[in-house]
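J.: For reference, the file entry18.cif (mmCIF, C-alpha atoms and all ligand atoms) is included below:
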```
data_start
#
loop_
_atom_site.label_atom_id
_atom_site.label_comp_id
_atom_site.auth_asym_id
_atom_site.auth_seq_id
_atom_site.Cartn_x
_atom_site.Cartn_y
_atom_site.Cartn_z
CA MET A 1 74.76 -166.89 -25.53
CA ALA A 2 74.08 -165.08 -28.81
CA ALA A 3 73.31 -168.24 -30.77
CA SER A 4 71.16 -169.77 -28.00
CA ALA A 5 69.22 -166.52 -27.63
CA GLU A 6 68.57 -166.38 -31.36
CA LEU A 7 67.58 -170.04 -31.54
CA PHE A 8 65.23 -169.58 -28.59
CA GLN A 9 63.56 -166.59 -30.24
CA HIS A 10 63.14 -168.52 -33.46
CA ALA A 11 61.80 -171.60 -31.65
CA GLN A 12 59.19 -169.53 -29.85
CA LYS A 13 57.61 -168.64 -33.19
CA VAL A 14 56.72 -172.24 -33.96
CA ILE A 15 56.89 -174.13 -30.64
CA PRO A 16 54.81 -173.12 -27.60
CA GLY A 17 57.28 -171.46 -25.23
CA GLY A 18 60.09 -172.50 -27.56
CA VAL A 19 60.50 -175.93 -25.92
CA ASN A 20 58.98 -179.39 -26.03
CA SER A 21 59.00 -179.88 -22.25
CA PRO A 22 58.36 -176.96 -19.88
CA VAL A 23 61.33 -177.03 -17.47
CA ARG A 24 63.75 -176.61 -20.38
CA ALA A 25 62.57 -173.02 -20.86
CA PHE A 26 64.36 -171.78 -17.67
CA GLY A 27 61.02 -170.32 -16.51
CA SER A 28 61.78 -170.56 -12.81
CA VAL A 29 65.42 -169.40 -12.90
CA GLY A 30 65.05 -166.83 -15.67
CA GLY A 31 67.50 -166.19 -18.49
CA THR A 32 68.02 -167.92 -21.79
CA PRO A 33 67.97 -171.71 -22.09
CA ARG A 34 71.11 -173.08 -23.72
CA PHE A 35 70.49 -174.79 -27.03
CA VAL A 36 72.65 -177.88 -27.06
CA ALA A 37 74.72 -178.83 -30.06
CA GLN A 38 76.60 -181.88 -28.79
CA ALA A 39 77.53 -183.91 -25.72
CA LYS A 40 80.21 -186.46 -24.89
CA GLY A 41 80.93 -188.17 -21.57
CA SER A 42 80.38 -185.68 -18.73
CA ARG A 43 80.49 -182.68 -21.08
CA MET A 44 77.97 -180.81 -23.16
CA TRP A 45 78.46 -177.97 -25.68
CA ASP A 46 75.87 -175.33 -26.50
CA SER A 47 75.31 -173.65 -29.84
CA ASP A 48 77.78 -170.89 -28.89
CA ASN A 49 80.36 -173.63 -28.32
CA HIS A 50 80.44 -173.06 -24.54
CA GLU A 51 81.46 -176.20 -22.67
CA TYR A 52 79.58 -177.43 -19.59
CA ILE A 53 80.01 -180.21 -17.07
CA ASP A 54 76.52 -181.66 -17.23
CA TYR A 55 74.59 -182.70 -14.09
CA ILE A 56 71.26 -183.25 -15.81
CA GLY A 57 72.20 -186.15 -18.05
CA SER A 58 69.01 -185.73 -20.08
CA TRP A 59 67.12 -185.86 -16.72
CA GLY A 60 68.55 -189.23 -15.81
CA PRO A 61 69.06 -191.51 -18.80
CA MET A 62 72.75 -190.77 -19.48
CA VAL A 63 74.14 -192.76 -16.56
CA LEU A 64 77.08 -193.94 -18.72
CA GLY A 65 77.81 -190.38 -19.82
CA HIS A 66 76.79 -188.92 -23.16
CA ALA A 67 77.36 -190.69 -26.46
CA HIS A 68 79.00 -193.78 -24.99
CA PRO A 69 80.92 -195.29 -27.93
CA GLU A 70 79.55 -198.81 -27.43
CA VAL A 71 75.95 -197.58 -27.27
CA ILE A 72 76.38 -195.40 -30.35
CA LYS A 73 77.98 -198.25 -32.28
CA ALA A 74 75.19 -200.68 -31.35
CA VAL A 75 72.54 -198.17 -32.40
CA GLN A 76 74.28 -197.51 -35.72
CA GLU A 77 74.44 -201.23 -36.46
CA ALA A 78 70.79 -201.74 -35.49
CA ALA A 79 69.70 -198.83 -37.69
CA GLU A 80 71.17 -200.57 -40.74
CA LEU A 81 68.71 -203.42 -40.14
CA GLY A 82 65.61 -201.23 -40.18
CA LEU A 83 64.09 -198.64 -37.83
CA SER A 84 60.81 -200.34 -36.92
CA PHE A 85 58.90 -203.48 -37.85
CA GLY A 86 55.66 -203.50 -35.86
CA ALA A 87 56.34 -207.19 -35.23
CA PRO A 88 58.11 -208.91 -32.34
CA THR A 89 61.92 -209.07 -32.21
CA SER A 90 64.27 -211.03 -29.96
CA LEU A 91 65.65 -207.70 -28.74
CA GLU A 92 62.48 -207.21 -26.70
CA THR A 93 63.00 -210.52 -24.90
CA THR A 94 66.63 -209.65 -24.21
CA MET A 95 65.53 -206.32 -22.73
CA ALA A 96 62.79 -207.98 -20.64
CA GLU A 97 65.30 -210.50 -19.25
CA LEU A 98 67.79 -207.77 -18.34
CA ILE A 99 65.04 -205.95 -16.44
CA CYS A 100 63.63 -209.06 -14.72
CA ASN A 101 67.12 -210.18 -13.65
CA ALA A 102 68.02 -206.81 -12.16
CA VAL A 103 64.67 -206.17 -10.44
CA PRO A 104 63.41 -209.42 -8.87
CA SER A 105 59.90 -208.07 -8.15
CA ILE A 106 59.42 -207.82 -11.93
CA GLU A 107 58.45 -211.25 -13.26
CA LYS A 108 57.00 -210.00 -16.53
CA VAL A 109 57.38 -206.63 -18.20
CA ARG A 110 55.71 -204.68 -21.02
CA MET A 111 57.68 -202.07 -22.97
CA VAL A 112 56.18 -198.67 -23.83
CA SER A 113 57.63 -195.43 -25.24
CA SER A 114 57.70 -193.07 -22.24
CA GLY A 115 57.45 -192.94 -18.46
CA THR A 116 54.06 -191.28 -18.78
CA GLU A 117 52.74 -194.26 -20.70
CA ALA A 118 54.25 -196.64 -18.17
CA THR A 119 52.51 -195.11 -15.14
CA MET A 120 49.24 -194.54 -16.98
CA SER A 121 49.17 -198.16 -18.10
CA ALA A 122 50.23 -199.48 -14.68
CA ILE A 123 47.29 -197.66 -13.13
CA ARG A 124 44.83 -199.00 -15.68
CA LEU A 125 46.20 -202.46 -14.97
CA ALA A 126 45.87 -202.05 -11.19
CA ARG A 127 42.28 -200.90 -11.63
CA GLY A 128 41.50 -203.75 -14.01
CA PHE A 129 43.13 -206.27 -11.69
CA THR A 130 41.38 -205.11 -8.49
CA GLY A 131 38.07 -203.97 -9.98
CA ARG A 132 38.46 -200.76 -7.93
CA ASP A 133 38.59 -197.14 -9.13
CA ASN A 134 40.37 -195.10 -6.46
CA ILE A 135 44.10 -194.47 -6.63
CA VAL A 136 46.47 -192.74 -4.22
CA LYS A 137 49.40 -190.51 -5.10
CA PHE A 138 51.64 -188.27 -3.04
CA GLU A 139 51.98 -184.49 -3.16
CA GLY A 140 55.13 -183.48 -5.00
CA CYS A 141 55.51 -186.83 -6.74
CA TYR A 142 55.41 -186.69 -10.53
CA HIS A 143 54.29 -189.62 -12.61
CA GLY A 144 54.15 -188.11 -16.08
CA HIS A 145 51.41 -185.93 -17.51
CA SER A 146 48.39 -188.22 -17.86
CA ASP A 147 45.14 -186.70 -16.60
CA ALA A 148 44.53 -188.79 -13.50
CA LEU A 149 48.08 -188.26 -12.22
CA LEU A 150 48.35 -184.54 -12.80
CA VAL A 151 47.14 -183.74 -9.33
CA LYS A 152 49.51 -182.03 -6.90
CA ALA A 153 52.33 -183.20 -9.17
CA GLY A 154 56.01 -182.36 -8.90
CA SER A 155 58.63 -181.27 -11.46
CA GLY A 156 57.44 -178.62 -13.95
CA ALA A 157 54.03 -178.58 -12.32
CA LEU A 158 55.64 -177.37 -9.07
CA THR A 159 57.97 -174.96 -10.84
CA LEU A 160 55.07 -173.30 -12.57
CA GLY A 161 53.00 -173.24 -9.39
CA VAL A 162 50.20 -175.09 -11.13
CA PRO A 163 49.21 -177.90 -8.78
CA SER A 164 47.03 -179.41 -11.45
CA SER A 165 46.32 -178.36 -14.99
CA PRO A 166 43.49 -176.75 -16.94
CA GLY A 167 42.19 -179.23 -19.46
CA VAL A 168 41.86 -181.99 -16.89
CA PRO A 169 38.13 -182.41 -16.10
CA ALA A 170 37.43 -182.67 -12.37
CA ALA A 171 35.60 -185.91 -13.13
CA PHE A 172 38.87 -187.43 -14.40
CA THR A 173 40.63 -186.84 -11.09
CA GLN A 174 37.82 -187.56 -8.67
CA HIS A 175 39.28 -191.00 -8.06
CA THR A 176 42.78 -189.63 -7.41
CA LEU A 177 43.38 -189.23 -3.68
CA THR A 178 46.49 -187.36 -2.55
CA LEU A 179 48.54 -187.67 0.60
CA PRO A 180 51.56 -185.80 1.94
CA PHE A 181 54.83 -187.66 1.27
CA ASN A 182 56.48 -189.26 4.32
CA ASP A 183 53.43 -188.84 6.60
CA ALA A 184 52.80 -192.35 7.99
CA ASP A 185 49.84 -191.23 10.11
CA ALA A 186 47.96 -189.75 7.15
CA LEU A 187 48.63 -192.95 5.26
CA ALA A 188 47.32 -195.19 8.02
CA GLU A 189 44.26 -193.00 8.45
CA LEU A 190 43.36 -193.11 4.75
CA PHE A 191 43.70 -196.89 4.67
CA LYS A 192 41.58 -197.18 7.79
CA GLU A 193 38.83 -195.07 6.23
CA THR A 194 38.82 -196.42 2.72
CA GLY A 195 41.59 -198.99 2.19
CA ASP A 196 39.29 -201.53 0.60
CA SER A 197 38.34 -199.03 -2.15
CA LEU A 198 41.92 -198.43 -3.24
CA ALA A 199 43.05 -200.00 -6.52
CA CYS A 200 46.62 -198.86 -6.06
CA VAL A 201 49.07 -196.56 -4.39
CA ILE A 202 51.68 -195.05 -6.72
CA ILE A 203 54.79 -193.50 -5.22
CA GLU A 204 58.25 -192.36 -6.21
CA PRO A 205 59.98 -194.37 -3.45
CA ILE A 206 62.72 -191.74 -3.50
CA ALA A 207 61.03 -188.57 -4.71
CA GLY A 208 63.04 -187.01 -7.53
CA ASN A 209 60.55 -184.47 -8.81
CA MET A 210 60.55 -182.24 -5.74
CA ASN A 211 64.34 -182.07 -5.69
CA PHE A 212 65.56 -185.27 -3.96
CA VAL A 213 63.60 -186.53 -0.96
CA GLU A 214 64.26 -189.90 0.63
CA PRO A 215 61.57 -191.95 2.37
CA ALA A 216 61.50 -191.71 6.16
CA GLU A 217 62.69 -194.74 8.10
CA GLY A 218 60.11 -197.52 7.83
CA TYR A 219 57.76 -195.49 5.62
CA LEU A 220 57.92 -197.76 2.56
CA GLN A 221 57.58 -200.84 4.80
CA THR A 222 54.42 -199.38 6.35
CA LEU A 223 53.06 -198.65 2.90
CA ARG A 224 53.81 -202.21 1.80
CA GLU A 225 52.04 -203.68 4.82
CA LEU A 226 48.92 -201.53 4.41
CA CYS A 227 48.66 -202.36 0.69
CA THR A 228 49.00 -206.08 1.38
CA GLU A 229 46.42 -205.95 4.15
CA HIS A 230 43.85 -204.22 1.91
CA GLY A 231 44.51 -205.96 -1.43
CA THR A 232 45.78 -202.68 -2.87
CA VAL A 233 48.38 -202.84 -5.64
CA LEU A 234 51.62 -201.08 -4.67
CA ILE A 235 53.25 -199.33 -7.61
CA PHE A 236 56.80 -198.03 -7.27
CA ASP A 237 57.40 -195.42 -9.93
CA GLU A 238 61.10 -195.97 -10.56
CA VAL A 239 61.13 -194.20 -13.92
CA MET A 240 63.83 -191.92 -12.51
CA THR A 241 65.46 -194.08 -9.83
CA GLY A 242 65.47 -197.40 -11.72
CA PHE A 243 69.01 -198.55 -12.62
CA ARG A 244 70.29 -195.23 -11.26
CA VAL A 245 70.29 -195.41 -7.43
CA ALA A 246 71.17 -199.12 -7.58
CA LEU A 247 70.94 -201.90 -10.16
CA GLY A 248 67.65 -203.01 -8.57
CA GLY A 249 66.35 -199.50 -7.86
CA VAL A 250 65.05 -198.07 -4.60
CA GLN A 251 63.32 -201.37 -3.84
CA GLU A 252 66.76 -203.00 -3.60
CA LEU A 253 68.16 -200.24 -1.37
CA TYR A 254 65.21 -200.36 1.06
CA SER A 255 64.31 -204.06 0.69
CA VAL A 256 60.66 -203.36 -0.04
CA THR A 257 58.89 -205.29 -2.80
CA PRO A 258 56.23 -203.51 -4.86
CA ASP A 259 53.63 -205.34 -6.94
CA ILE A 260 54.28 -203.27 -10.06
CA THR A 261 57.28 -201.15 -10.99
CA THR A 262 57.37 -198.49 -13.67
CA LEU A 263 60.63 -197.72 -15.46
CA GLY A 264 61.88 -195.28 -18.08
CA LYS A 265 64.81 -192.91 -18.55
CA VAL A 266 67.93 -195.12 -18.01
CA ILE A 267 66.39 -198.22 -19.64
CA GLY A 268 66.24 -196.37 -22.95
CA GLY A 269 69.83 -195.16 -22.79
CA GLY A 270 68.65 -191.83 -24.23
CA MET A 271 65.95 -193.17 -26.55
CA PRO A 272 62.20 -192.78 -25.77
CA VAL A 273 61.44 -195.88 -23.67
CA GLY A 274 59.30 -196.80 -20.69
CA ALA A 275 58.22 -200.07 -19.12
CA PHE A 276 55.93 -201.46 -16.47
CA GLY A 277 56.28 -204.85 -14.91
CA GLY A 278 55.63 -206.89 -11.82
CA ARG A 279 53.91 -209.97 -10.48
CA THR A 280 52.95 -212.48 -13.17
CA ASP A 281 49.37 -212.86 -11.89
CA ILE A 282 48.87 -209.10 -12.27
CA MET A 283 50.79 -208.67 -15.55
CA ASP A 284 48.82 -211.49 -17.19
CA HIS A 285 45.75 -209.23 -17.05
CA ILE A 286 47.28 -207.19 -19.88
CA ALA A 287 46.12 -207.79 -23.47
CA PRO A 288 46.51 -210.04 -25.37
CA LYS A 289 46.89 -212.44 -22.41
CA GLY A 290 44.18 -210.67 -20.41
CA PRO A 291 41.38 -208.12 -20.81
CA VAL A 292 43.14 -204.85 -19.83
CA TYR A 293 43.96 -203.05 -23.07
CA GLN A 294 47.36 -201.51 -23.72
CA ALA A 295 49.21 -201.10 -27.01
CA GLY A 296 51.84 -199.06 -28.87
CA THR A 297 52.87 -198.78 -32.54
CA LEU A 298 56.50 -198.13 -31.61
CA SER A 299 56.58 -200.09 -28.33
CA GLY A 300 59.72 -202.23 -28.12
CA ASN A 301 61.23 -200.29 -31.04
CA PRO A 302 64.43 -202.08 -32.16
CA ILE A 303 66.66 -198.99 -32.03
CA ALA A 304 65.36 -198.00 -28.61
CA MET A 305 65.76 -201.57 -27.35
CA THR A 306 69.32 -201.69 -28.67
CA ALA A 307 70.31 -198.46 -26.88
CA GLY A 308 68.65 -199.70 -23.70
CA ILE A 309 70.12 -203.20 -23.82
CA LYS A 310 73.67 -201.93 -24.34
CA THR A 311 73.24 -199.41 -21.53
CA LEU A 312 71.90 -202.02 -19.09
CA GLN A 313 74.66 -204.47 -20.04
CA LEU A 314 77.33 -201.88 -19.33
CA LEU A 315 75.90 -200.86 -15.98
CA ASN A 316 75.73 -204.49 -14.91
CA ALA A 317 79.53 -204.26 -14.53
CA PRO A 318 80.57 -205.22 -10.98
CA GLY A 319 80.76 -202.23 -8.65
CA PHE A 320 79.17 -199.83 -11.14
CA HIS A 321 76.68 -198.28 -8.72
CA GLU A 322 79.16 -198.21 -5.83
CA GLU A 323 81.49 -196.18 -7.98
CA LEU A 324 78.64 -193.92 -9.06
CA GLY A 325 77.68 -193.46 -5.40
CA LYS A 326 81.24 -192.49 -4.49
CA LYS A 327 81.20 -189.81 -7.17
CA SER A 328 77.92 -188.39 -5.83
CA GLN A 329 79.26 -188.48 -2.31
CA ALA A 330 82.49 -186.67 -3.26
CA LEU A 331 80.47 -184.04 -5.11
CA LEU A 332 77.97 -183.48 -2.31
CA GLU A 333 80.57 -183.42 0.46
CA GLY A 334 82.48 -180.84 -1.57
CA LEU A 335 79.38 -178.72 -2.13
CA LYS A 336 78.50 -178.92 1.55
CA SER A 337 81.92 -177.81 2.78
CA ALA A 338 82.05 -175.01 0.20
CA ALA A 339 78.63 -173.85 1.42
CA ASP A 340 79.70 -174.09 5.09
CA LYS A 341 82.84 -172.11 4.35
CA ASN A 342 80.76 -169.32 2.83
CA GLY A 343 78.10 -169.34 5.54
CA ILE A 344 75.34 -170.67 3.26
CA PRO A 345 73.02 -173.18 4.94
CA LEU A 346 72.75 -176.22 2.66
CA ALA A 347 71.25 -179.69 3.11
CA CYS A 348 72.47 -182.46 0.80
CA ALA A 349 71.43 -186.01 -0.01
CA HIS A 350 72.31 -188.63 -2.61
CA ALA A 351 71.79 -192.26 -3.60
CA GLY A 352 73.81 -193.89 -6.38
CA GLY A 353 73.98 -191.47 -9.27
CA MET A 354 71.20 -189.16 -8.11
CA PHE A 355 71.44 -186.24 -5.68
CA GLY A 356 69.79 -183.15 -4.27
CA PHE A 357 70.83 -180.01 -2.42
CA PHE A 358 68.60 -177.56 -0.60
CA PHE A 359 69.14 -173.97 0.48
CA THR A 360 67.74 -174.46 3.96
CA ASP A 361 68.67 -174.48 7.65
CA ALA A 362 67.08 -177.90 8.06
CA ALA A 363 69.58 -180.74 8.53
CA LYS A 364 67.50 -183.04 6.33
CA VAL A 365 64.60 -182.34 4.01
CA SER A 366 61.85 -184.96 4.05
CA THR A 367 58.56 -183.22 3.25
CA LEU A 368 57.17 -181.16 0.38
CA ASP A 369 56.52 -178.28 2.79
CA GLN A 370 60.21 -178.22 3.65
CA VAL A 371 61.11 -178.26 -0.04
CA MET A 372 58.76 -175.37 -0.73
CA ALA A 373 60.23 -173.38 2.15
CA CYS A 374 63.77 -173.44 0.70
CA ASN A 375 65.40 -170.25 -0.48
CA THR A 376 64.70 -170.10 -4.22
CA THR A 377 66.33 -166.67 -4.58
CA GLN A 378 69.62 -168.17 -3.43
CA PHE A 379 69.10 -171.20 -5.63
CA ASN A 380 68.48 -169.10 -8.72
CA ALA A 381 71.56 -166.93 -8.11
CA PHE A 382 73.64 -170.06 -7.48
CA PHE A 383 72.29 -171.73 -10.62
CA HIS A 384 73.28 -168.79 -12.83
CA ALA A 385 76.71 -168.39 -11.21
CA MET A 386 77.37 -172.08 -11.84
CA LEU A 387 76.08 -171.93 -15.41
CA ASP A 388 78.38 -168.98 -16.13
CA ALA A 389 81.24 -171.08 -14.74
CA GLY A 390 80.39 -173.95 -17.11
CA ILE A 391 78.49 -176.15 -14.65
CA TYR A 392 75.10 -177.22 -15.96
CA LEU A 393 72.66 -177.92 -13.11
CA ALA A 394 68.90 -178.46 -13.34
CA PRO A 395 67.26 -175.04 -13.90
CA SER A 396 64.87 -175.46 -10.96
CA SER A 397 65.16 -176.11 -7.24
CA PHE A 398 62.46 -178.78 -7.60
CA GLU A 399 64.56 -181.12 -9.72
CA ALA A 400 67.10 -183.76 -8.72
CA GLY A 401 70.68 -183.79 -9.98
CA PHE A 402 72.32 -186.61 -11.91
CA ILE A 403 75.91 -187.73 -12.20
CA SER A 404 77.33 -190.27 -14.63
CA ILE A 405 80.10 -192.83 -14.46
CA ALA A 406 81.98 -190.60 -16.93
CA HIS A 407 82.30 -187.74 -14.41
CA SER A 408 85.98 -187.68 -13.43
CA ASP A 409 87.59 -186.60 -10.16
CA ASP A 410 88.74 -183.56 -12.07
CA ASP A 411 85.16 -182.74 -13.16
CA ILE A 412 84.04 -182.99 -9.54
CA ALA A 413 86.94 -180.84 -8.30
CA LYS A 414 86.17 -178.18 -10.92
CA THR A 415 82.51 -178.23 -9.89
CA ILE A 416 83.32 -177.80 -6.20
CA SER A 417 85.71 -174.97 -6.91
CA ALA A 418 83.07 -173.24 -9.06
CA ALA A 419 80.54 -173.77 -6.25
CA ASP A 420 82.91 -172.18 -3.73
CA LYS A 421 83.03 -169.01 -5.84
CA ALA A 422 79.29 -169.16 -6.55
CA PHE A 423 78.42 -169.45 -2.83
CA ALA A 424 80.77 -166.55 -2.09
CA SER A 425 79.09 -164.43 -4.77
CA ILE A 426 75.53 -165.01 -3.53
CA GLY A 427 76.44 -164.02 0.04
CA GLY A 428 75.42 -165.49 3.40
C1 LIG A 501 60.24 -188.57 -15.85
C2 LIG A 501 59.28 -189.27 -14.99
C3 LIG A 501 58.06 -189.76 -15.49
C4 LIG A 501 57.58 -189.45 -16.87
O1 LIG A 501 58.40 -190.01 -17.85
P1 LIG A 501 58.36 -189.38 -19.33
O2 LIG A 501 59.25 -190.29 -20.11
O3 LIG A 501 58.84 -187.98 -19.20
O4 LIG A 501 56.94 -189.44 -19.80
C5 LIG A 501 57.27 -190.50 -14.64
N1 LIG A 501 57.64 -190.77 -13.37
C6 LIG A 501 58.79 -190.30 -12.86
C7 LIG A 501 59.15 -190.63 -11.46
C8 LIG A 501 59.63 -189.52 -13.64
O5 LIG A 501 60.75 -189.03 -13.10
#
```
Would you give me this structure, written as structure tokens?
Ligand SMILES: *Cc1c(COP(=O)(O)O)cnc(C)c1O

T.:
Amino acid sequence: MAASAELFQHAQKVIPGGVNSPVRAFGSVGGTPRFVAQAKGSRMWDSDNHEYIDYIGSWGPMVLGHAHPEVIKAVQEAAELGLSFGAPTSLETTMAELICNAVPSIEKVRMVSSGTEATMSAIRLARGFTGRDNIVKFEGCYHGHSDALLVKAGSGALTLGVPSSPGVPAAFTQHTLTLPFNDADALAELFKETGDSLACVIIEPIAGNMNFVEPAEGYLQTLRELCTEHGTVLIFDEVMTGFRVALGGVQELYSVTPDITTLGKVIGGGMPVGAFGGRTDIMDHIAPKGPVYQAGTLSGNPIAMTAGIKTLQLLNAPGFHEELGKKSQALLEGLKSAADKNGIPLACAHAGGMFGFFFTDAAKVSTLDQVMACNTTQFNAFFHAMLDAGIYLAPSSFEAGFISIAHSDDDIAKTISAADKAFASIGG
């Protein structure tokens, strides 16, 4: 801890809060964030050389495990050829084809450098395409930090208790309508009132920024039908879930087809990458083919494309996501029985390589209100007990967990045994 504490102190002198993204600062759980020196497979080492089994995976991207040798080798070879050209490369077409093949609703795709850019651009496109201004988002869903989407957002915005942010003029969010997640009646009512004014609805089809909340039965289908009926563009924000819950994302799992999908995280394999894609008739509104402007100096960067391409190729292996899902299931079943044994009420859920657990009496958590009602005191104590035992979980009860294909049965067994002790220590 000594080295991390010192590095954190030093960082705070020159970086606001000592971090470049808020949740990393451990604000909601307290204590000192671990400064990471290195990671390999399922493991990560901090600057004090403590070893952790990592369940954050850089917040999703590291689905193959850290520093996969084939990805590292490909990136090293690409770097020799030059870091950026500002001109098209065949790598970008290869990446686009990998995405279009895995996610059939995506007929054409534009690469950007972050998930924030992807959602921001998708919304501009939906507005340009429909000629409408209003957009709908859901409470507790996070779509990056652009102004119009920073309303009742999840992730760090929930952790900090700041439902929206200073610095966002009210005028910039007046066209952002918010609805509770998983409330089909509220959805139907809004569409009845004002459906024909809605450019788009953007949703995390499995919400991963208020812990891990799955859509209620039929909810996404209802949303799809209402959008179709009113000429509203349906955007699935699969920045987190894309290539992680299944090869084709949540839309594959639930058989619902959005008009536009946003991607990020996994598709960059650890490099800064985002993408938005969908129906050709919509995507062709983007410049230079169409009038909706969108651009990026480093978009489609050759090193980032190389890391992403190699990652996507490797997770196209037959049975990849089934195996990932089995690992999540083994982990969550283990956590649940350890909690039961120690008299701690816990609700668990998972899909592919993504999971959530809630300190609650509820059998299943499906609304933001339920998430907010969970026992954060227990979570924080559990988090620190696990961290001390070398298990690195997200430092907030509003974040999802991530497992990689590199997590072994032994890693999972160690985690469950640590959880058993941690549950015992926090008391029933
Ligand atoms: C992480 C995330 C974003 C933002 O992506 P960045 O790369 O952090 O800008 C957007 N939407 C969802 C669902 C995310 O999980």

J.: Between chain A and ligand LIG 501 (chain A), at 7 Å or less, what are the per-residue closest atom pairs and their distances in Å? Count all atoms listed in the file, order by chain and rising residue number, and return it as JSON lines.

T.:
```
{"residue": "A:Ser114", "atom": "CA", "partner": "A:LIG501", "partner_atom": "O2", "distance": 3.8}
{"residue": "A:Gly115", "atom": "CA", "partner": "A:LIG501", "partner_atom": "O1", "distance": 3.1}
{"residue": "A:Thr116", "atom": "CA", "partner": "A:LIG501", "partner_atom": "O4", "distance": 3.6}
{"residue": "A:Glu117", "atom": "CA", "partner": "A:LIG501", "partner_atom": "O4", "distance": 6.5}
{"residue": "A:Thr119", "atom": "CA", "partner": "A:LIG501", "partner_atom": "C5", "distance": 6.6}
{"residue": "A:Tyr142", "atom": "CA", "partner": "A:LIG501", "partner_atom": "N1", "distance": 5.4}
{"residue": "A:His143", "atom": "CA", "partner": "A:LIG501", "partner_atom": "N1", "distance": 3.6}
{"residue": "A:Gly144", "atom": "CA", "partner": "A:LIG501", "partner_atom": "C4", "distance": 3.8}
{"residue": "A:His145", "atom": "CA", "partner": "A:LIG501", "partner_atom": "O4", "distance": 6.9}
{"residue": "A:Glu204", "atom": "CA", "partner": "A:LIG501", "partner_atom": "C7", "distance": 5.6}
{"residue": "A:Gly208", "atom": "CA", "partner": "A:LIG501", "partner_atom": "O5", "distance": 6.4}
{"residue": "A:Asn209", "atom": "CA", "partner": "A:LIG501", "partner_atom": "O5", "distance": 6.3}
{"residue": "A:Asp237", "atom": "CA", "partner": "A:LIG501", "partner_atom": "C7", "distance": 5.3}
{"residue": "A:Glu238", "atom": "CA", "partner": "A:LIG501", "partner_atom": "C7", "distance": 5.8}
{"residue": "A:Val239", "atom": "CA", "partner": "A:LIG501", "partner_atom": "C6", "distance": 4.7}
{"residue": "A:Met240", "atom": "CA", "partner": "A:LIG501", "partner_atom": "O5", "distance": 4.3}
{"residue": "A:Gly264", "atom": "CA", "partner": "A:LIG501", "partner_atom": "O2", "distance": 6.0}
{"residue": "A:Lys265", "atom": "CA", "partner": "A:LIG501", "partner_atom": "O2", "distance": 6.3}
{"residue": "A:Pro272", "atom": "CA", "partner": "A:LIG501", "partner_atom": "O2", "distance": 6.9}
{"residue": "A:Val273", "atom": "CA", "partner": "A:LIG501", "partner_atom": "O2", "distance": 7.0}
{"residue": "A:Gly274", "atom": "CA", "partner": "A:LIG501", "partner_atom": "O2", "distance": 6.5}
```

J.: Separation of CA of Val112 in chain A and CA of Ile282 in chain A, in Å?

T.: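 CA of Ile282 in chain A lies at a distance of 17.2 Å from CA of Val112 in chain A.
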
J.: Enumerate, in order of chain and increasing residue number, the residues of range 11-97 of chain A with an atom no farther than 12 Å from range 315-319 of chain A, each with its shortest atom pair and distance in Å to one decimal, counting all atoms listed in the file, as a Markdown table.

T.:
```
| residue | atom | partner | partner_atom | distance |
| --- | --- | --- | --- | --- |
| A:Pro61 | CA | A:Leu315 | CA | 11.9 |
| A:Met62 | CA | A:Leu315 | CA | 11.1 |
| A:Val63 | CA | A:Leu315 | CA | 8.3 |
| A:Leu64 | CA | A:Leu315 | CA | 7.5 |
| A:Gly65 | CA | A:Leu315 | CA | 11.3 |
| A:His68 | CA | A:Leu315 | CA | 11.9 |
| A:Val71 | CA | A:Leu315 | CA | 11.8 |
```

J.: Got a sec: who's within 10 Å of Arg124 in chain A, counting only C-alpha atoms, leaving out chain neighbours fewer than 2 positions off, as an NGL selection string?

T.: :A and (119-122 or 126-129 or 133 or 199-200 or 286 or 292-294)

J.: I'd like the neighbourhood of Val29 in chain A as a list in words, where a residue qualifies if any of its atoms comes within 12 Å (using all atoms listed in the file), though same-chain residues fewer than 5 positions away should be ignored.

T.: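 Everything that qualifies: Val23, Arg24, Thr159, Leu160, Thr376, Thr377, Gln378, Phe379, Asn380, Ala381, Phe382, Phe383, His384, Ala385, Leu387, Leu393, Ala394, Pro395, Ser396, Ser397 and Phe398 of chain A.
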
J.: Give me the residues near Asn134 in chain A as a ChimeraX atom specification, where near means some atom within 12 Å (using all atoms listed in the file) and where sequence neighbours in that chain fewer than 2 positions away do not count.

T.: /A:123-124,126-128,130-132,136-137,148-149,172-178,190-191,194-202,232-233

J.: From the set A:Asp259, A:Glu214, A:Asp54, A:Glu399, which residue has the shortest atom-to-atom contact distance to Leu234 in chain A, counting only C-alpha atoms?

T.: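 Looking only at the distances to Leu234 in chain A, the closest residue turns out to be A:Asp259.
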
J.: I need the residue nearest Ala351 in chain A from this list: A:Val245, A:Val36, A:Ile416, A:Cys374. Use all atoms listed in the file for the distance.

T.: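 Looking at the shortest contact to Ala351 in chain A, the residue is A:Val245.
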
J.: Mind giving me the straight-line distance from CA of Ala186 in chain A to CA of Ala153 in chain A in Å, one decimal?

T.: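 Computed distance, CA of Ala186 in chain A to CA of Ala153 in chain A, equals 18.1 Å.
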